[in-house]
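Engineer: Shown below is the structure under consideration.
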Amino acid sequence: MLFTSVPTAAQTTAANPVPTCAAPADMAPSQLYGLWQLVLWPQDGGSEAKPASTGALLFERHPEYPGSVRGNLKRTTPGNDQQALVSGDVTSGEFNLDESADGVTMDAVWEGNATASGCGQELRGIRRPAEGRPAGEPAMNFVLRKAPGWR
């Protein structure tokens, strides 16, 4: 009878080290590719637990600008759902995005940061109406979390 040794947990860990998270400042634009879940809530009087809007963003490589992303946003709003095109980038852990419902006029700007504890899977910041847009929609906090299965 042949006996084979079963590796211990320490040996398994040494053979297959657990990947460590890169610092938020080292986040690359390609880490944005994929599906992200979105939660938005007003800066004044709102909370993440009671969102004003939820939805999803699907980011892909921008076909015209290397190092940038382009994608589609779908989210709930009072009355009906919204869809928009988005484009932007992440530089030194800072996330910047432009949003446009018609692909021409900028409707909103997004500014945020990769979170230190999110391991490249969470972005937090503020979504503001673009300059010159009607003041109907307030500035909102956002959190984007990478959907399970997208790494």
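Ordered as shown in the structure tokens, chains take letters A, B, and onward, while each chain numbers its residues from 1 and ligands are numbered from 1 in the order shown.
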List the spatial neighbours of Ala52 in chain A as an MDAnalysis selection string - criterion: any atom at most 7 Å away, only C-alpha atoms, same-chain residues fewer than 2 positions off excluded.

Structural biologist: chainID A and resid 40:42 50

Engineer: Emit the selected residues as a short mmCIF file (atom, residue, chain, number, x, y, z; two decimals), in the first residue's frame, including all heavy atoms.

Structural biologist:
```cif
data_model
loop_
_atom_site.label_atom_id
_atom_site.label_comp_id
_atom_site.auth_asym_id
_atom_site.auth_seq_id
_atom_site.Cartn_x
_atom_site.Cartn_y
_atom_site.Cartn_z
N LEU A 40 -26.56 54.99 -4.86
CA LEU A 40 -26.47 56.46 -4.78
C LEU A 40 -27.41 56.96 -3.68
O LEU A 40 -28.54 56.46 -3.56
CB LEU A 40 -26.92 57.11 -6.10
CG LEU A 40 -26.00 57.01 -7.29
CD1 LEU A 40 -26.76 57.28 -8.57
CD2 LEU A 40 -24.86 58.00 -7.16
N TRP A 41 -26.96 57.95 -2.91
CA TRP A 41 -27.82 58.56 -1.90
C TRP A 41 -27.44 60.03 -1.77
O TRP A 41 -26.29 60.40 -1.95
CB TRP A 41 -27.73 57.82 -0.56
CG TRP A 41 -26.41 57.88 0.11
CD1 TRP A 41 -26.03 58.74 1.10
CD2 TRP A 41 -25.26 57.03 -0.14
NE1 TRP A 41 -24.73 58.48 1.49
CE2 TRP A 41 -24.23 57.45 0.74
CE3 TRP A 41 -25.00 55.98 -1.02
CZ2 TRP A 41 -22.98 56.83 0.76
CZ3 TRP A 41 -23.75 55.39 -1.00
CH2 TRP A 41 -22.77 55.81 -0.13
N PRO A 42 -28.43 60.90 -1.49
CA PRO A 42 -28.15 62.34 -1.39
C PRO A 42 -27.15 62.65 -0.29
O PRO A 42 -27.17 62.03 0.77
CB PRO A 42 -29.51 62.96 -1.07
CG PRO A 42 -30.51 61.94 -1.49
CD PRO A 42 -29.84 60.61 -1.31
N LYS A 50 -30.46 53.65 2.82
CA LYS A 50 -31.72 54.03 2.19
C LYS A 50 -31.40 54.79 0.90
O LYS A 50 -31.51 56.01 0.83
CB LYS A 50 -32.56 54.90 3.13
CG LYS A 50 -33.02 54.15 4.36
CD LYS A 50 -33.88 55.02 5.23
CE LYS A 50 -34.31 54.25 6.47
NZ LYS A 50 -35.14 55.05 7.36
#
```

Engineer: Can you tell me which residues surround Met27 in chain A at a distance of at most 7 Å, considering only C-alpha atoms, apart from same-chain residues fewer than 5 positions away, and format the answer as a ChimeraX atom specification?

Structural biologist: /A:92-93,120

Engineer: Quick check, in Å to one decimal: how far apart do CA of Glu111 in chain A and CA of Asn96 in chain A lie?

Structural biologist: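 The value is 4.8 Å.
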
Engineer: Produce a table with one row for each residue of range 16-35 of chain A that has an atom at most 12 Å from any atom of range 86-91 of chain A, each row naming the nearest atom pair and its distance in Å at one decimal; use only C-alpha atoms; arrange rows by chain and rising residue number; format as JSON lines.

Structural biologist:
```
{"residue": "A:Pro24", "atom": "CA", "partner": "A:Thr91", "partner_atom": "CA", "distance": 9.5}
{"residue": "A:Ala25", "atom": "CA", "partner": "A:Thr91", "partner_atom": "CA", "distance": 7.3}
{"residue": "A:Asp26", "atom": "CA", "partner": "A:Thr91", "partner_atom": "CA", "distance": 8.2}
{"residue": "A:Met27", "atom": "CA", "partner": "A:Val90", "partner_atom": "CA", "distance": 7.1}
{"residue": "A:Ala28", "atom": "CA", "partner": "A:Val90", "partner_atom": "CA", "distance": 6.7}
{"residue": "A:Pro29", "atom": "CA", "partner": "A:Val90", "partner_atom": "CA", "distance": 5.5}
{"residue": "A:Ser30", "atom": "CA", "partner": "A:Val90", "partner_atom": "CA", "distance": 9.2}
{"residue": "A:Gln31", "atom": "CA", "partner": "A:Val90", "partner_atom": "CA", "distance": 9.1}
{"residue": "A:Leu32", "atom": "CA", "partner": "A:Val90", "partner_atom": "CA", "distance": 8.1}
{"residue": "A:Tyr33", "atom": "CA", "partner": "A:Asp89", "partner_atom": "CA", "distance": 10.7}
```

Engineer: Could you pull out all residues of chain A with a DSSP call of alpha helix (DSSP H) and give them as a list in words?

Structural biologist: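 Alpha helix (DSSP H) assignments inside chain A correspond to Ala9, Ala10, Gln11, Thr12, Thr13, Ala14 and Ala15 of chain A.
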
Engineer: Apply DSSP to the structure's backbone, then extract all residues of chain A labelled strand (DSSP E or B) and return them as an MDAnalysis selection string.

Structural biologist: chainID A and resid 34:42 47 50 53:61 69:76 81:91 94:100 108:114 122:129 140:146

Engineer: Could you please determine the separation between CA of Gly149 in chain A and CA of Phe95 in chain A in Å, to one decimal place?

Structural biologist: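 Going from CA of Gly149 in chain A over to CA of Phe95 in chain A, I get 21.7 Å.
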
Engineer: Name the closest residue to Asp107 in chain A among the candidates A:Val69, A:Leu85, A:Ile126, A:Leu38; distances are taken between atoms, counting only C-alpha atoms.

Structural biologist: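 Among A:Val69, A:Leu85, A:Ile126, A:Leu38, it is A:Leu85 that comes nearest to Asp107 in chain A.
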
Engineer: Go through A:Ala23, A:Ala147, A:Leu58, A:Ala116 one by one, measure the shortest atom-to-atom distance of each to Asn72 in chain A using only C-alpha atoms, and give the residue with the smallest value.

Structural biologist: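 Going through A:Ala23, A:Ala147, A:Leu58, A:Ala116 one by one, the smallest distance to Asn72 in chain A is for A:Leu58.
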